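Participant: Just so it is clear, I am handing over start.cif, which has mmCIF, C-alpha atoms.
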data_query
loop_
_atom_site.group_PDB
_atom_site.id
_atom_site.type_symbol
_atom_site.label_atom_id
_atom_site.label_comp_id
_atom_site.auth_asym_id
_atom_site.auth_seq_id
_atom_site.Cartn_x
_atom_site.Cartn_y
_atom_site.Cartn_z
ATOM 1 C CA GLN A 1 28.735 174.970 187.425
ATOM 2 C CA VAL A 2 27.294 171.489 187.872
ATOM 3 C CA GLN A 3 26.713 169.822 191.229
ATOM 4 C CA LEU A 4 26.612 166.031 191.516
ATOM 5 C CA VAL A 5 25.228 163.834 194.289
ATOM 6 C CA GLU A 6 25.779 160.067 194.323
ATOM 7 C CA SER A 7 23.759 157.462 196.186
ATOM 8 C CA GLY A 8 23.189 153.734 196.277
ATOM 9 C CA GLY A 9 26.441 152.426 197.680
ATOM 10 C CA GLY A 10 26.634 149.915 200.490
ATOM 11 C CA LEU A 11 27.765 146.490 201.619
ATOM 12 C CA VAL A 12 26.954 143.551 199.373
ATOM 13 C CA GLN A 13 28.042 139.933 199.217
ATOM 14 C CA PRO A 14 30.097 138.622 196.299
ATOM 15 C CA GLY A 15 27.809 137.863 193.383
ATOM 16 C CA GLY A 16 25.296 140.456 194.502
ATOM 17 C CA SER A 17 24.069 143.622 192.814
ATOM 18 C CA LEU A 18 23.898 147.319 193.514
ATOM 19 C CA ARG A 19 22.569 150.278 191.574
ATOM 20 C CA LEU A 20 24.352 153.597 191.941
ATOM 21 C CA SER A 21 22.612 156.853 191.123
ATOM 22 C CA CYS A 22 24.032 160.264 190.333
ATOM 23 C CA SER A 23 21.823 163.337 190.293
ATOM 24 C CA ALA A 24 23.013 166.514 188.598
ATOM 25 C CA SER A 25 21.926 170.083 189.236
ATOM 26 C CA GLY A 26 23.032 173.517 188.129
ATOM 27 C CA PHE A 27 24.052 174.144 184.519
ATOM 28 C CA THR A 28 23.013 170.655 183.414
ATOM 29 C CA SER A 29 22.411 171.754 179.832
ATOM 30 C CA THR A 30 26.187 172.050 179.431
ATOM 31 C CA ILE A 31 26.880 168.390 180.294
ATOM 32 C CA ALA A 32 28.325 166.444 177.349
ATOM 33 C CA ALA A 33 29.121 163.166 179.087
ATOM 34 C CA MET A 34 28.819 161.551 182.487
ATOM 35 C CA SER A 35 31.060 158.900 183.938
ATOM 36 C CA TRP A 36 31.605 156.680 186.944
ATOM 37 C CA TYR A 37 35.081 156.399 188.407
ATOM 38 C CA ARG A 38 36.305 154.422 191.394
ATOM 39 C CA GLN A 39 39.234 154.658 193.736
ATOM 40 C CA THR A 40 40.763 152.550 196.477
ATOM 41 C CA PRO A 41 43.294 153.792 199.056
ATOM 42 C CA GLY A 42 46.750 154.236 197.602
ATOM 43 C CA LYS A 43 45.610 153.858 194.002
ATOM 44 C CA GLU A 44 44.714 156.291 191.268
ATOM 45 C CA ARG A 45 41.120 156.970 190.404
ATOM 46 C CA GLU A 46 40.096 154.804 187.445
ATOM 47 C CA LEU A 47 37.360 155.089 184.865
ATOM 48 C CA VAL A 48 34.633 152.471 185.230
ATOM 49 C CA ALA A 49 32.078 153.521 182.621
ATOM 50 C CA SER A 50 31.067 156.552 180.615
ATOM 51 C CA ILE A 51 28.045 157.664 178.618
ATOM 52 C CA THR A 52 27.452 160.591 176.283
ATOM 53 C CA VAL A 53 24.368 162.626 177.043
ATOM 54 C CA ALA A 54 23.179 163.342 173.511
ATOM 55 C CA VAL A 55 23.652 159.965 171.838
ATOM 56 C CA GLY A 56 24.060 157.582 174.744
ATOM 57 C CA SER A 57 27.319 156.059 173.558
ATOM 58 C CA THR A 58 28.935 154.001 176.284
ATOM 59 C CA THR A 59 32.408 152.807 177.220
ATOM 60 C CA TYR A 60 33.480 150.395 179.945
ATOM 61 C CA ARG A 61 36.725 149.273 181.474
ATOM 62 C CA ASP A 62 37.452 145.680 180.544
ATOM 63 C CA SER A 63 37.071 144.263 184.047
ATOM 64 C CA VAL A 64 33.404 145.345 184.314
ATOM 65 C CA LYS A 65 32.207 144.565 180.784
ATOM 66 C CA GLY A 66 29.207 142.255 180.874
ATOM 67 C CA ARG A 67 28.603 142.960 184.575
ATOM 68 C CA PHE A 68 28.042 146.716 184.808
ATOM 69 C CA THR A 69 25.634 148.865 182.816
ATOM 70 C CA ILE A 70 25.643 152.646 182.688
ATOM 71 C CA SER A 71 22.468 154.460 181.702
ATOM 72 C CA ARG A 72 21.113 158.004 181.710
ATOM 73 C CA ASP A 73 17.826 159.771 182.361
ATOM 74 C CA ASN A 74 18.178 163.073 180.585
ATOM 75 C CA PRO A 75 14.869 164.667 181.669
ATOM 76 C CA ASN A 76 15.800 164.068 185.299
ATOM 77 C CA ASN A 77 19.511 164.863 184.866
ATOM 78 C CA ALA A 78 20.554 161.520 186.298
ATOM 79 C CA VAL A 79 22.941 158.714 185.464
ATOM 80 C CA TYR A 80 22.952 155.219 186.879
ATOM 81 C CA LEU A 81 25.383 152.358 187.228
ATOM 82 C CA GLN A 82 23.833 148.921 187.544
ATOM 83 C CA MET A 83 26.441 146.580 188.983
ATOM 84 C CA ASN A 84 25.826 142.831 188.860
ATOM 85 C CA SER A 85 27.970 139.838 189.778
ATOM 86 C CA LEU A 86 29.987 141.989 192.109
ATOM 87 C CA LYS A 87 33.445 140.871 193.159
ATOM 88 C CA ALA A 88 35.696 141.795 196.047
ATOM 89 C CA ASP A 89 37.885 143.685 193.567
ATOM 90 C CA ASP A 90 34.972 146.036 192.891
ATOM 91 C CA THR A 91 35.255 147.398 196.425
ATOM 92 C CA ALA A 92 36.011 151.111 196.152
ATOM 93 C CA MET A 93 34.698 154.611 196.521
ATOM 94 C CA TYR A 94 32.659 155.343 193.411
ATOM 95 C CA TYR A 95 32.532 158.872 192.022
ATOM 96 C CA CYS A 96 30.274 160.454 189.451
ATOM 97 C CA ARG A 97 31.866 162.893 186.999
ATOM 98 C CA ALA A 98 30.309 165.301 184.549
ATOM 99 C CA LEU A 99 32.157 166.684 181.546
ATOM 100 C CA THR A 100 30.813 170.090 180.615
ATOM 101 C CA ALA A 101 31.706 172.894 178.277
ATOM 102 C CA ARG A 102 33.372 174.639 181.238
ATOM 103 C CA GLY A 103 35.321 171.681 182.585
ATOM 104 C CA VAL A 104 34.785 168.754 184.921
ATOM 105 C CA SER A 105 32.642 168.383 188.021
ATOM 106 C CA TRP A 106 32.884 165.588 190.598
ATOM 107 C CA GLY A 107 30.538 164.246 193.205
ATOM 108 C CA GLN A 108 31.544 163.386 196.769
ATOM 109 C CA GLY A 109 31.462 159.649 196.166
ATOM 110 C CA THR A 110 29.599 156.641 197.494
ATOM 111 C CA GLN A 111 31.297 153.634 199.072
ATOM 112 C CA VAL A 112 30.796 150.162 197.638
ATOM 113 C CA THR A 113 32.047 147.234 199.693
ATOM 114 C CA VAL A 114 31.846 143.678 198.398
ATOM 115 C CA SER A 115 32.468 141.205 201.180
ATOM 116 C CA SER A 116 31.042 138.064 202.706
#
How does this structure look as structure tokens?

Facilitator:
Amino acid sequence: QVQLVESGGGLVQPGGSLRLSCSASGFTSTIAAMSWYRQTPGKERELVASITVAVGSTTYRDSVKGRFTISRDNPNNAVYLQMNSLKADDTAMYYCRALTARGVSWGQGTQVTVSS
């Protein structure tokens, strides 16, 4: 099993930046891809960005393209989400997810609030 811990959330003004971190432990050698999702009350959790561990291929939802960057640090079993030009619509709980050979693991989430 893989355990995930997110950090880096907080309150930021519109146009500002935040960097989220996700640290993995446990059976990390089984991780094939890591992703960031977000969720607001009353809405379904949505994919923000994803990266494959071996090759580093990335995907982004359209609304964050050009503003967010996902990256990985394989030796340290970590993934990051650099978020620039933040908007109020980016306000959400952000979750890290790991896709492994045995299934999916989720972190507890970190809150991002974009407000003036």

Participant: Apply the PyMOL selection byres ((chain A and resi 98) around 7) to the displayed file and report the matching residues as a PyMOL selection string.

Facilitator: chain A and resi 31+33-35+96-97+99-100+104-106

Participant: With all atoms listed in the file counted, which protein, DNA or RNA residues have an atom no more than 12 Å from (28.9, 140.9, 198.3) in the file frame? Please answer as number ranges by chain.

Facilitator: A: 9-18, 83-91, 112-116

Participant: Restricting the output to C-alpha atoms, write the selected residues as a CSV table (one decimal), keeping the file's coordinate frame.

Facilitator:
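Generated output (again-v1.csv):
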chain,number,residue,atom,x,y,z
A,9,GLY,CA,26.4,152.4,197.7
A,10,GLY,CA,26.6,149.9,200.5
A,11,LEU,CA,27.8,146.5,201.6
A,12,VAL,CA,27.0,143.6,199.4
A,13,GLN,CA,28.0,139.9,199.2
A,14,PRO,CA,30.1,138.6,196.3
A,15,GLY,CA,27.8,137.9,193.4
A,16,GLY,CA,25.3,140.5,194.5
A,17,SER,CA,24.1,143.6,192.8
A,18,LEU,CA,23.9,147.3,193.5
A,83,MET,CA,26.4,146.6,189.0
A,84,ASN,CA,25.8,142.8,188.9
A,85,SER,CA,28.0,139.8,189.8
A,86,LEU,CA,30.0,142.0,192.1
A,87,LYS,CA,33.4,140.9,193.2
A,88,ALA,CA,35.7,141.8,196.0
A,89,ASP,CA,37.9,143.7,193.6
A,90,ASP,CA,35.0,146.0,192.9
A,91,THR,CA,35.3,147.4,196.4
A,112,VAL,CA,30.8,150.2,197.6
A,113,THR,CA,32.0,147.2,199.7
A,114,VAL,CA,31.8,143.7,198.4
A,115,SER,CA,32.5,141.2,201.2
A,116,SER,CA,31.0,138.1,202.7

Participant: With 4 Å on each side, where is the centre of the axis-aligned box around all listed atoms of region 48-52 of chain A, and how long are its edges in Å to one decimal, as JSON?

Facilitator:
{"center_x": 31.0, "center_y": 156.5, "center_z": 180.8, "size_x": 15.2, "size_y": 16.1, "size_z": 16.9}

Participant: As an exercise, work out the distance from CA of Gln3 (chain A) to CA of Gly26 (chain A) in Å and give it to one decimal place.

Facilitator: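 These two atoms are separated by 6.1 Å.
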
Participant: Looking at A:Val48, A:Ser23, A:Ser63, A:Thr30, which one is nearest to Leu4 (chain A), with distances taken over all atoms listed in the file?

Facilitator: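 Ranking A:Val48, A:Ser23, A:Ser63, A:Thr30 by distance to Leu4 (chain A), first place goes to A:Ser23.
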
Participant: Which residue gives the smallest distance to Asp62 (chain A) among A:Tyr95, A:Glu46, A:Gln39, A:Gln108, with only C-alpha atoms counted?

Facilitator: A:Glu46

Participant: Starting from the displayed file, determine the output of the PyMOL selection byres ((chain A and resi 78) around 8) and express the residue list as a count of residues only.

Facilitator: 12

Participant: In Å, with one decimal, what is the gap from CA of Ala54 (chain A) to CA of Arg102 (chain A)?

Facilitator: 17.1 Å

Participant: Quick one: of A:Phe27, A:Thr69, A:Ala92, A:Val64, who's nearest to Gly42 (chain A), counting all atoms listed in the file?

Facilitator: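 For Gly42 (chain A), the nearest of the given residues is A:Ala92.
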
Participant: Kindly give the distance, in Å, that separates CA of Thr110 (chain A) and CA of Thr40 (chain A), rounded to a single decimal.

Facilitator: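 Calculated distance between CA of Thr110 (chain A) and CA of Thr40 (chain A) is 11.9 Å.
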
Participant: Nearest to Ala101 (chain A) among A:Gly66, A:Ala49, A:Val55, A:Ala32, with distances taken over only C-alpha atoms: which residue is it?

Facilitator: A:Ala32

Participant: Using only C-alpha atoms, find the one residue out of A:Arg45, A:Gly8, A:Thr28, A:Val2 that sits nearest to Gln82 (chain A).

Facilitator: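 Closest to Gln82 (chain A) of all the choices is A:Gly8.
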
Participant: Identify which of the residues A:Ser25, A:Gly107, A:Trp36, A:Glu44 lies closest to Thr59 (chain A), counting all atoms listed in the file when measuring atom-to-atom distances.

Facilitator: A:Trp36
